[in-house]
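As provided, run26.tsv (TSV, C-alpha atoms and all ligand atoms) reads as follows.
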chain	number	residue	atom	x	y	z
A	1	MET	CA	142.33	124.04	126.23
A	2	GLY	CA	138.64	123.79	127.07
A	3	ALA	CA	136.31	123.66	130.07
A	4	LYS	CA	133.74	120.98	130.75
A	5	VAL	CA	130.72	121.23	133.02
A	6	ILE	CA	131.20	118.76	135.87
A	7	GLY	CA	128.43	119.95	138.22
A	8	ILE	CA	124.99	121.53	137.87
A	9	GLY	CA	122.78	122.82	140.70
A	10	THR	CA	119.51	124.72	140.98
A	11	SER	CA	117.42	126.57	143.55
A	12	LEU	CA	113.81	127.74	143.38
A	13	PRO	CA	111.70	129.30	146.14
A	14	GLU	CA	108.93	127.11	147.56
A	15	LYS	CA	106.18	129.69	147.13
A	16	VAL	CA	104.21	129.09	143.91
A	17	LEU	CA	102.32	131.94	142.24
A	18	THR	CA	99.84	130.64	139.65
A	19	ASN	CA	98.24	132.52	136.76
A	20	ASP	CA	94.94	132.33	138.63
A	21	ASP	CA	96.60	134.02	141.63
A	22	LEU	CA	97.65	136.86	139.31
A	23	ALA	CA	94.19	137.05	137.73
A	24	ALA	CA	92.83	137.69	141.23
A	25	MET	CA	95.21	140.65	141.56
A	26	MET	CA	94.98	142.30	138.10
A	27	ASP	CA	93.11	142.32	134.80
A	28	THR	CA	94.50	139.17	133.18
A	29	SER	CA	93.66	135.47	132.82
A	30	ASP	CA	95.32	132.07	132.97
A	31	GLU	CA	94.37	131.49	129.32
A	32	TRP	CA	95.95	134.78	128.12
A	33	ILE	CA	99.19	134.24	130.04
A	34	ARG	CA	99.59	130.62	128.91
A	35	GLU	CA	98.88	131.43	125.26
A	36	ARG	CA	100.99	134.61	125.05
A	37	THR	CA	103.95	133.52	127.22
A	38	GLY	CA	103.88	129.75	127.89
A	39	ILE	CA	103.91	130.36	131.66
A	40	ARG	CA	101.55	128.42	134.00
A	41	GLU	CA	103.10	129.36	137.34
A	42	ARG	CA	106.28	130.84	138.79
A	43	ARG	CA	108.24	130.74	142.08
A	44	ILE	CA	108.89	133.79	144.25
A	45	GLY	CA	110.12	134.63	147.74
A	46	LEU	CA	113.87	134.11	148.23
A	47	PRO	CA	116.70	136.65	148.08
A	48	THR	CA	119.36	136.32	145.38
A	49	SER	CA	122.04	135.22	147.86
A	50	THR	CA	120.01	132.27	149.24
A	51	MET	CA	119.36	130.91	145.75
A	52	ALA	CA	123.00	131.49	144.75
A	53	ILE	CA	124.24	129.63	147.84
A	54	GLU	CA	121.79	126.69	147.41
A	55	SER	CA	122.45	126.22	143.69
A	56	GLY	CA	126.22	126.69	144.10
A	57	ARG	CA	126.35	124.12	146.90
A	58	ALA	CA	124.36	121.62	144.78
A	59	ALA	CA	126.67	122.10	141.77
A	60	MET	CA	129.77	121.55	143.94
A	61	GLU	CA	128.18	118.43	145.47
A	62	MET	CA	127.43	116.98	142.03
A	63	ALA	CA	131.04	117.67	141.02
A	64	GLY	CA	132.24	116.02	144.24
A	65	LEU	CA	134.25	119.14	145.15
A	66	GLY	CA	134.85	121.11	148.31
A	67	PRO	CA	135.38	124.88	148.62
A	68	ASP	CA	139.18	124.59	148.34
A	69	ASP	CA	138.82	123.02	144.89
A	70	ILE	CA	137.23	126.16	143.39
A	71	ASP	CA	139.76	128.65	141.93
A	72	LEU	CA	137.40	131.42	140.80
A	73	PHE	CA	133.78	132.34	141.50
A	74	ILE	CA	131.54	134.44	139.20
A	75	LEU	CA	128.00	135.42	140.21
A	76	ALA	CA	125.81	136.62	137.32
A	77	THR	CA	123.04	138.74	138.80
A	78	THR	CA	121.23	142.00	138.16
A	79	THR	CA	119.43	141.90	141.53
A	80	PRO	CA	122.14	142.00	144.22
A	81	ASP	CA	120.91	141.76	147.84
A	82	GLN	CA	122.59	145.09	148.62
A	83	ARG	CA	124.18	147.93	146.66
A	84	VAL	CA	127.49	147.27	148.40
A	85	PRO	CA	129.11	144.77	148.54
A	86	GLY	CA	128.36	142.51	145.58
A	87	THR	CA	126.28	139.41	146.39
A	88	ALA	CA	129.29	137.28	145.41
A	89	ALA	CA	130.69	138.28	148.83
A	90	VAL	CA	128.02	136.64	151.04
A	91	THR	CA	127.79	133.66	148.67
A	92	HIS	CA	131.59	133.27	148.83
A	93	ALA	CA	131.53	133.32	152.62
A	94	GLU	CA	128.60	130.91	153.01
A	95	LEU	CA	130.12	128.41	150.57
A	96	GLY	CA	133.47	128.67	152.38
A	97	LEU	CA	135.35	129.65	149.22
A	98	GLY	CA	138.87	131.05	149.31
A	99	CYS	CA	139.21	132.14	145.68
A	100	GLY	CA	138.60	135.40	143.79
A	101	ALA	CA	134.92	136.35	143.43
A	102	PHE	CA	132.92	139.01	141.61
A	103	ASP	CA	129.40	139.96	140.46
A	104	LEU	CA	128.74	140.21	136.74
A	105	ASN	CA	125.70	142.25	135.63
A	106	ALA	CA	124.57	141.58	132.09
A	107	ALA	CA	120.93	141.03	133.16
A	108	CYS	CA	119.29	137.97	131.57
A	109	ALA	CA	122.34	137.45	129.33
A	110	GLY	CA	124.51	137.30	132.47
A	111	PHE	CA	124.93	133.52	132.69
A	112	THR	CA	126.07	133.27	129.06
A	113	TYR	CA	128.40	136.28	129.47
A	114	GLY	CA	129.75	134.53	132.57
A	115	PHE	CA	130.16	131.24	130.69
A	116	VAL	CA	132.35	132.92	128.05
A	117	THR	CA	134.29	134.80	130.76
A	118	ALA	CA	134.89	131.59	132.75
A	119	ASN	CA	136.13	129.78	129.64
A	120	ALA	CA	138.47	132.67	128.75
A	121	MET	CA	139.88	132.73	132.30
A	122	ILE	CA	140.45	128.97	132.30
A	123	ASP	CA	142.20	129.32	128.94
A	124	ALA	CA	144.46	132.18	130.14
A	125	PRO	CA	148.09	131.52	131.13
A	126	SER	CA	148.10	130.30	134.76
A	127	GLY	CA	144.31	130.56	134.70
A	128	PRO	CA	142.04	128.75	137.19
A	129	GLN	CA	141.53	124.98	137.01
A	130	ARG	CA	137.90	125.17	138.16
A	131	VAL	CA	135.36	127.98	138.09
A	132	LEU	CA	132.04	128.15	139.93
A	133	LEU	CA	129.56	130.13	137.81
A	134	ILE	CA	126.17	130.97	139.29
A	135	GLY	CA	123.21	132.80	137.74
A	136	ALA	CA	120.73	133.99	140.39
A	137	ASP	CA	118.08	136.67	140.40
A	138	ALA	CA	115.17	137.74	142.60
A	139	LEU	CA	112.97	139.83	140.33
A	140	SER	CA	109.86	139.64	142.52
A	141	PRO	CA	110.88	142.46	144.94
A	142	LEU	CA	111.41	144.73	141.90
A	143	THR	CA	108.08	143.80	140.31
A	144	ASP	CA	105.03	146.07	140.38
A	145	TRP	CA	102.33	143.54	141.24
A	146	SER	CA	99.67	145.75	139.65
A	147	ASP	CA	101.46	145.91	136.25
A	148	ARG	CA	100.22	143.07	134.05
A	149	GLY	CA	102.94	143.81	131.48
A	150	THR	CA	105.70	142.60	133.82
A	151	ALA	CA	104.09	140.74	136.75
A	152	ILE	CA	103.00	137.84	134.54
A	153	LEU	CA	106.62	137.15	133.50
A	154	PHE	CA	108.99	137.86	136.38
A	155	ALA	CA	110.08	135.39	139.06
A	156	ASP	CA	112.97	134.28	141.29
A	157	GLY	CA	115.51	131.46	140.89
A	158	GLY	CA	119.11	130.32	140.86
A	159	GLY	CA	121.26	127.91	138.83
A	160	ALA	CA	124.95	127.03	138.96
A	161	VAL	CA	127.68	125.11	137.15
A	162	VAL	CA	131.21	124.06	137.97
A	163	LEU	CA	133.54	124.28	134.97
A	164	GLU	CA	136.80	122.32	134.95
A	165	ARG	CA	139.77	122.71	132.60
A	166	THR	CA	140.13	119.99	130.01
A	167	ASP	CA	142.78	119.39	127.34
A	168	HIS	CA	140.48	119.59	124.30
A	169	PRO	CA	138.42	122.53	122.96
A	170	THR	CA	134.83	122.71	124.16
A	171	LEU	CA	133.72	126.29	123.47
A	172	LEU	CA	133.62	126.12	119.67
A	173	GLY	CA	132.08	129.55	119.03
A	174	TRP	CA	130.55	132.48	120.88
A	175	ASP	CA	129.07	135.92	120.41
A	176	LEU	CA	128.60	138.70	122.97
A	177	GLY	CA	126.45	141.68	122.00
A	178	ALA	CA	124.92	144.83	123.45
A	179	ASP	CA	123.09	147.98	122.37
A	180	GLY	CA	122.86	150.61	125.08
A	181	ASN	CA	120.54	152.70	122.90
A	182	HIS	CA	117.83	150.27	124.01
A	183	ARG	CA	118.56	150.71	127.74
A	184	ARG	CA	115.19	152.35	128.47
A	185	LEU	CA	113.14	149.45	127.09
A	186	LEU	CA	113.72	147.48	130.28
A	187	MET	CA	114.92	149.31	133.37
A	188	GLY	CA	114.55	149.85	137.10
A	189	ASP	CA	115.98	152.82	138.99
A	190	HIS	CA	117.25	152.55	142.57
A	191	ASP	CA	114.21	152.06	144.80
A	192	SER	CA	111.69	151.74	141.95
A	193	PHE	CA	110.04	148.86	140.11
A	194	ILE	CA	111.16	147.46	136.76
A	195	THR	CA	109.38	148.94	133.74
A	196	MET	CA	109.33	147.27	130.34
A	197	GLU	CA	108.22	148.08	126.79
A	198	GLY	CA	107.26	144.46	126.21
A	199	ARG	CA	106.48	144.60	122.50
A	200	ASP	CA	109.73	146.43	121.66
A	201	VAL	CA	111.82	144.10	123.82
A	202	PHE	CA	110.18	141.17	122.02
A	203	LYS	CA	111.16	142.52	118.58
A	204	VAL	CA	114.74	143.46	119.49
A	205	ALA	CA	115.24	140.12	121.26
A	206	VAL	CA	114.06	137.97	118.35
A	207	ARG	CA	116.22	139.83	115.83
A	208	ALA	CA	119.36	140.17	117.98
A	209	VAL	CA	119.28	136.66	119.41
A	210	SER	CA	118.69	134.83	116.14
A	211	GLU	CA	121.56	136.81	114.53
A	212	SER	CA	123.77	136.13	117.56
A	213	VAL	CA	123.05	132.38	117.45
A	214	LEU	CA	123.87	132.28	113.73
A	215	THR	CA	127.09	134.26	114.31
A	216	ALA	CA	128.23	131.89	117.07
A	217	LEU	CA	127.34	128.84	114.93
A	218	ASP	CA	129.22	130.30	111.94
A	219	ARG	CA	132.32	130.95	114.08
A	220	ALA	CA	132.09	127.38	115.37
A	221	GLY	CA	131.70	125.94	111.87
A	222	VAL	CA	128.49	124.21	112.98
A	223	SER	CA	125.21	124.23	111.03
A	224	PRO	CA	121.82	124.80	112.76
A	225	GLU	CA	120.84	121.22	111.83
A	226	GLU	CA	123.81	119.88	113.79
A	227	VAL	CA	122.62	121.41	117.08
A	228	ASP	CA	121.57	118.69	119.54
A	229	VAL	CA	120.49	120.83	122.50
A	230	LEU	CA	119.28	124.43	122.71
A	231	LEU	CA	119.30	126.10	126.15
A	232	PRO	CA	117.54	129.43	125.57
A	233	HIS	CA	116.77	132.24	128.00
A	234	GLN	CA	113.24	131.61	129.32
A	235	ALA	CA	111.46	134.94	128.80
A	236	ASN	CA	108.51	133.97	126.59
A	237	ILE	CA	107.94	130.67	124.77
A	238	ARG	CA	106.90	132.62	121.65
A	239	ILE	CA	110.33	134.31	121.58
A	240	ILE	CA	111.99	130.87	121.73
A	241	GLU	CA	109.77	129.62	118.89
A	242	ALA	CA	110.60	132.71	116.79
A	243	ILE	CA	114.35	132.34	117.45
A	244	CYS	CA	114.22	128.68	116.39
A	245	LYS	CA	112.33	129.56	113.21
A	246	ARG	CA	114.77	132.35	112.26
A	247	SER	CA	117.95	130.47	113.12
A	248	GLY	CA	116.89	127.10	111.67
A	249	ILE	CA	117.24	125.16	114.94
A	250	ASP	CA	114.45	122.62	115.51
A	251	PHE	CA	112.24	123.83	118.41
A	252	ALA	CA	112.13	120.21	119.66
A	253	LYS	CA	115.86	120.61	120.54
A	254	SER	CA	115.06	123.36	123.07
A	255	HIS	CA	114.79	122.48	126.77
A	256	ASN	CA	112.26	124.74	128.43
A	257	VAL	CA	111.23	125.22	132.04
A	258	ILE	CA	109.35	128.51	131.66
A	259	ASP	CA	105.93	126.90	132.23
A	260	HIS	CA	106.74	126.44	135.94
A	261	THR	CA	109.62	128.88	136.56
A	262	GLY	CA	108.66	132.06	134.71
A	263	ASN	CA	111.50	134.43	133.83
A	264	ASN	CA	114.11	134.47	136.59
A	265	CYS	CA	116.74	136.34	134.56
A	266	ALA	CA	120.32	135.00	134.89
A	267	ALA	CA	118.99	131.72	136.36
A	268	THR	CA	116.95	130.57	133.38
A	269	ILE	CA	119.75	129.01	131.30
A	270	PRO	CA	121.26	126.87	134.09
A	271	LEU	CA	117.69	125.82	135.02
A	272	SER	CA	117.15	124.80	131.39
A	273	MET	CA	120.54	123.01	131.48
A	274	ALA	CA	119.51	121.07	134.60
A	275	LYS	CA	116.38	119.91	132.78
A	276	ALA	CA	118.42	118.84	129.72
A	277	HIS	CA	120.77	116.95	132.06
A	278	ALA	CA	117.83	115.22	133.82
A	279	ASP	CA	116.38	114.32	130.39
A	280	GLY	CA	119.70	112.66	129.45
A	281	ALA	CA	120.23	115.06	126.53
A	282	LEU	CA	123.70	116.28	127.58
A	283	GLU	CA	125.69	113.36	126.23
A	284	PRO	CA	129.44	113.63	125.65
A	285	GLY	CA	130.02	115.14	122.20
A	286	ALA	CA	126.56	116.75	121.97
A	287	ILE	CA	126.46	120.21	120.35
A	288	VAL	CA	124.86	122.53	122.90
A	289	VAL	CA	123.81	126.11	122.13
A	290	MET	CA	123.07	128.59	124.94
A	291	THR	CA	121.58	131.98	124.18
A	292	GLY	CA	120.38	134.77	126.45
A	293	PHE	CA	119.20	138.38	126.17
A	294	GLY	CA	118.06	141.04	128.55
A	295	ALA	CA	118.17	144.58	129.87
A	296	GLY	CA	120.83	146.83	128.41
A	297	MET	CA	120.02	145.42	125.99
A	298	THR	CA	122.54	142.63	126.12
A	299	TRP	CA	122.67	139.29	124.35
A	300	ALA	CA	125.10	136.36	124.23
A	301	SER	CA	125.37	132.97	122.56
A	302	THR	CA	127.72	130.03	122.90
A	303	VAL	CA	128.24	126.83	120.93
A	304	VAL	CA	129.72	124.09	123.11
A	305	ARG	CA	130.81	120.52	122.38
A	306	TRP	CA	129.71	118.76	125.60
B	1	LIG	O1	114.04	138.73	130.09
B	1	LIG	C1	113.90	139.69	129.22
B	1	LIG	C2	112.98	140.42	128.79
B	1	LIG	N1	111.60	140.47	128.64
B	1	LIG	C3	110.96	139.88	127.59
B	1	LIG	O2	111.52	139.16	126.81
B	1	LIG	C4	109.52	140.23	127.38
B	1	LIG	C5	109.21	140.44	125.93
B	1	LIG	N2	107.82	140.75	125.70
B	1	LIG	C6	106.81	139.88	125.88
B	1	LIG	O3	107.01	138.76	126.30
B	1	LIG	C7	105.42	140.31	125.49
B	1	LIG	O4	105.49	141.56	124.80
B	1	LIG	C8	104.41	140.44	126.66
B	1	LIG	C9	104.12	139.06	127.26
B	1	LIG	C10	104.98	141.34	127.74
B	1	LIG	C11	103.09	141.01	126.14
B	1	LIG	O5	102.60	140.16	125.12
B	1	LIG	P1	102.19	140.76	123.69
B	1	LIG	O6	101.73	139.64	122.88
B	1	LIG	O7	103.35	141.57	123.17
B	1	LIG	O8	100.97	141.67	124.07
B	1	LIG	P2	100.70	143.18	123.66
B	1	LIG	O9	101.43	144.09	124.60
B	1	LIG	O10	100.92	143.35	122.20
B	1	LIG	O11	99.15	143.29	123.94
B	1	LIG	C12	98.17	142.58	123.17
B	1	LIG	C13	96.82	142.73	123.82
B	1	LIG	C14	96.49	144.18	124.17
B	1	LIG	O12	95.08	144.35	124.02
B	1	LIG	P3	94.44	145.03	122.70
B	1	LIG	O13	95.07	146.39	122.64
B	1	LIG	O14	94.86	144.14	121.56
B	1	LIG	O15	92.98	145.02	123.01
B	1	LIG	C15	96.87	144.29	125.62
B	1	LIG	O16	96.15	145.31	126.29
B	1	LIG	O17	96.77	142.03	125.04
B	1	LIG	C16	96.49	142.92	126.13
B	1	LIG	N3	97.32	142.49	127.26
B	1	LIG	C17	96.88	141.65	128.19
B	1	LIG	N4	95.72	141.01	128.37
B	1	LIG	C18	95.60	140.18	129.43
B	1	LIG	C19	98.59	142.84	127.52
B	1	LIG	N5	99.03	142.20	128.63
B	1	LIG	C20	97.97	141.46	129.06
B	1	LIG	C21	97.81	140.58	130.15
B	1	LIG	N6	96.62	139.96	130.29
B	1	LIG	N7	98.80	140.33	131.04
Could I get this file's structure written as structure tokens?
Ligand code: UT7
Amino acid sequence: MGAKVIGIGTSLPEKVLTNDDLAAMMDTSDEWIRERTGIRERRIGLPTSTMAIESGRAAMEMAGLGPDDIDLFILATTTPDQRVPGTAAVTHAELGLGCGAFDLNAACAGFTYGFVTANAMIDAPSGPQRVLLIGADALSPLTDWSDRGTAILFADGGGAVVLERTDHPTLLGWDLGADGNHRRLLMGDHDSFITMEGRDVFKVAVRAVSESVLTALDRAGVSPEEVDVLLPHQANIRIIEAICKRSGIDFAKSHNVIDHTGNNCAATIPLSMAKAHADGALEPGAIVVMTGFGAGMTWASTVVRW
């Protein structure tokens, strides 16, 4: 049994925040941000639920499905609108769904954790036929707009897929990882901004993610040279370059949106997937690797035959 992606949708706020806008607010520059992160501008200004609803609706439209066709809904987010209930609840209601629904918090690795979870559910006895998986996060309300270590990176966005059961294997290999000893490197208490030890996160991410990608590839019996499409978490273009170098995947295979989206957490991988789809790279049979990492720290990789 496998699960193929039959719909992809995205949502970004209209409000654009450029590097020059940030340079007017804090001691930084467009040149520094572009060189050190690959970001030119980012989008901010919508709550998680709005972006989840918009991207979910677009994915269902592309799949040609109505709410009754969805058997399970997973929302990957670390920035719920409210403490209680989960943001899956309002999204579920607005999309008119009738199926089971829950939030999944694995920070920026959330979409990939959700992808593995959705596949496992579809594969389970009497499991769902179709799963709606959304990654949506609004980091801007949790960002200290005087902290140049985080404000240059964080943004808002949403991305969604519909997965449908198929009779041949599609998820060839996967790896889920976490190390709670690193939980203080990237954190935000109730009612306070997110703080980050950027340099340390960078180092842990490069090491953990490249090992995770290689583990997932090994389990799939696929070599790095055979990868057609890489959909990496969009945190810093230099992290993506370092992961490619360490894992042996050609950087040219990566589909990146970070220059205009910034880091919108669980949304970055479906946004990267939408770009790969628009570029015509997601052909049937293509080997597609997704890999994400984030607060926790958490990380997750999948190897999929499209
Ligand atoms: O989604 C998940 C998680 N988050 C991440 O993946 C973030 C990982 N970390 C990073 O992307 C990078 O560490 C940052 C972009 C946050 C920082 O880049 P860096 O290359 O690690 O910079 P740094 O902290 O090592 O600082 C280098 C220099 C320092 O100056 P000196 O001491 O060399 O004179 C900083 O004070 O750059 C300075 N600096 C800045 N200058 C202008 C640090 N941030 C800025 C800034 N603008 N925004």
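When atom CA of Pro128 of chain A is paired with atom CA of Ala59 of chain A, their separation reads 17.4 Å.
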Quick one: which chain A residues come within 8 Å of ligand LIG 1 (chain B), and what is the nearest atom pair for each with the distance in Å to one decimal, counting all atoms listed in the file, rows ordered by chain and ascending number, as a Markdown table?
| residue | atom | partner | partner_atom | distance |
| --- | --- | --- | --- | --- |
| A:Asp27 | CA | B:LIG1 | N6 | 6.2 |
| A:Thr28 | CA | B:LIG1 | N6 | 3.7 |
| A:Ser29 | CA | B:LIG1 | N6 | 5.9 |
| A:Trp32 | CA | B:LIG1 | C18 | 5.6 |
| A:Ile33 | CA | B:LIG1 | N7 | 6.2 |
| A:Arg36 | CA | B:LIG1 | O6 | 5.5 |
| A:Thr37 | CA | B:LIG1 | C9 | 5.5 |
| A:Ala107 | CA | B:LIG1 | O1 | 7.9 |
| A:Cys108 | CA | B:LIG1 | O1 | 5.5 |
| A:Arg148 | CA | B:LIG1 | N7 | 4.3 |
| A:Gly149 | CA | B:LIG1 | C10 | 4.9 |
| A:Thr150 | CA | B:LIG1 | C10 | 6.3 |
| A:Ala151 | CA | B:LIG1 | N7 | 7.8 |
| A:Ile152 | CA | B:LIG1 | N7 | 6.0 |
| A:Leu153 | CA | B:LIG1 | C9 | 7.0 |
| A:Leu186 | CA | B:LIG1 | C2 | 7.3 |
| A:Met196 | CA | B:LIG1 | N1 | 7.4 |
| A:Glu197 | CA | B:LIG1 | O4 | 7.3 |
| A:Gly198 | CA | B:LIG1 | O4 | 3.7 |
| A:Arg199 | CA | B:LIG1 | O4 | 3.9 |
| A:Asp200 | CA | B:LIG1 | O4 | 7.2 |
| A:Val201 | CA | B:LIG1 | C5 | 5.0 |
| A:Phe202 | CA | B:LIG1 | C5 | 4.1 |
| A:Lys203 | CA | B:LIG1 | C5 | 7.9 |
| A:Ala205 | CA | B:LIG1 | O2 | 6.7 |
| A:His233 | CA | B:LIG1 | O1 | 7.3 |
| A:Gln234 | CA | B:LIG1 | O1 | 7.2 |
| A:Ala235 | CA | B:LIG1 | O2 | 4.7 |
| A:Asn236 | CA | B:LIG1 | O3 | 5.0 |
| A:Arg238 | CA | B:LIG1 | O3 | 7.7 |
| A:Ile239 | CA | B:LIG1 | O2 | 7.2 |
| A:Asn263 | CA | B:LIG1 | O1 | 6.2 |
| A:Asn264 | CA | B:LIG1 | O1 | 7.8 |
| A:Cys265 | CA | B:LIG1 | O1 | 5.7 |
| A:Phe293 | CA | B:LIG1 | C1 | 6.3 |
| A:Gly294 | CA | B:LIG1 | C1 | 4.4 |
| A:Ala295 | CA | B:LIG1 | C1 | 6.5 |
Q: May I have the residues within 6 Å of Ala109 of chain A as an MDAnalysis selection string, using only C-alpha atoms and disregarding those fewer than 3 positions away in the same chain?
A: chainID A and resid 106 112 292:294 299:300
Q: Go through A:Pro47, A:Ala276, A:Leu231, A:Ala266 and flag the residue nearest Asn105 of chain A, using only C-alpha atoms for the distances.
A: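 Of the candidates, the smallest distance to Asn105 of chain A is held by A:Ala266.
At a cut-off of 8 Å from (118.8, 125.1, 138.6), the residue set is Ile8, Gly9, Thr10, Ser11, Leu12, Ser55, Gly157, Gly158, Gly159, Ala160, Ala267, Thr268, Pro270, Leu271, Ser272, Met273 and Ala274 of chain A (counting all atoms listed in the file).
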Give the centre and edge lengths of an axis-aligned box, in Å to one decimal, that holds all listed atoms of segment 270-273 of chain A with 6 Å on each side, as AutoDock Vina command-line options.
--center_x 119.2 --center_y 124.9 --center_z 133.2 --size_x 16.1 --size_y 15.9 --size_z 15.6
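In terms of minimum interatomic distance to Met121 of chain A, A:Gly100 ranks closest within A:Gly66, A:Gly100, A:Gly177, A:Gly135, counting all atoms listed in the file.
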**Q.** Using all atoms listed in the file: which of A:Val257, A:Ala220, A:Val204, A:Leu75 has the shortest distance to Ile134 of chain A
**A.**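 The answer is A:Leu75, which sits nearest to Ile134 of chain A.
Those residues that approach Asp179 of chain A to within 8 Å, counting all atoms listed in the file, are Arg183, Gly296, Met297 and Thr298 of chain A; same-chain residues fewer than 4 positions away are not listed.
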Q. Just how far from atom CA of Thr91 of chain A is atom CA of Ser301 of chain A, in Å to one decimal?
A. 26.2 Å
**Q.** Residue among A:Ala252, A:Val131, A:Asp259, A:Asp228 lying closest to Ala286 of chain A, counting only C-alpha atoms
**A.**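 Comparing A:Ala252, A:Val131, A:Asp259, A:Asp228 against Ala286 of chain A, the winner is A:Asp228.
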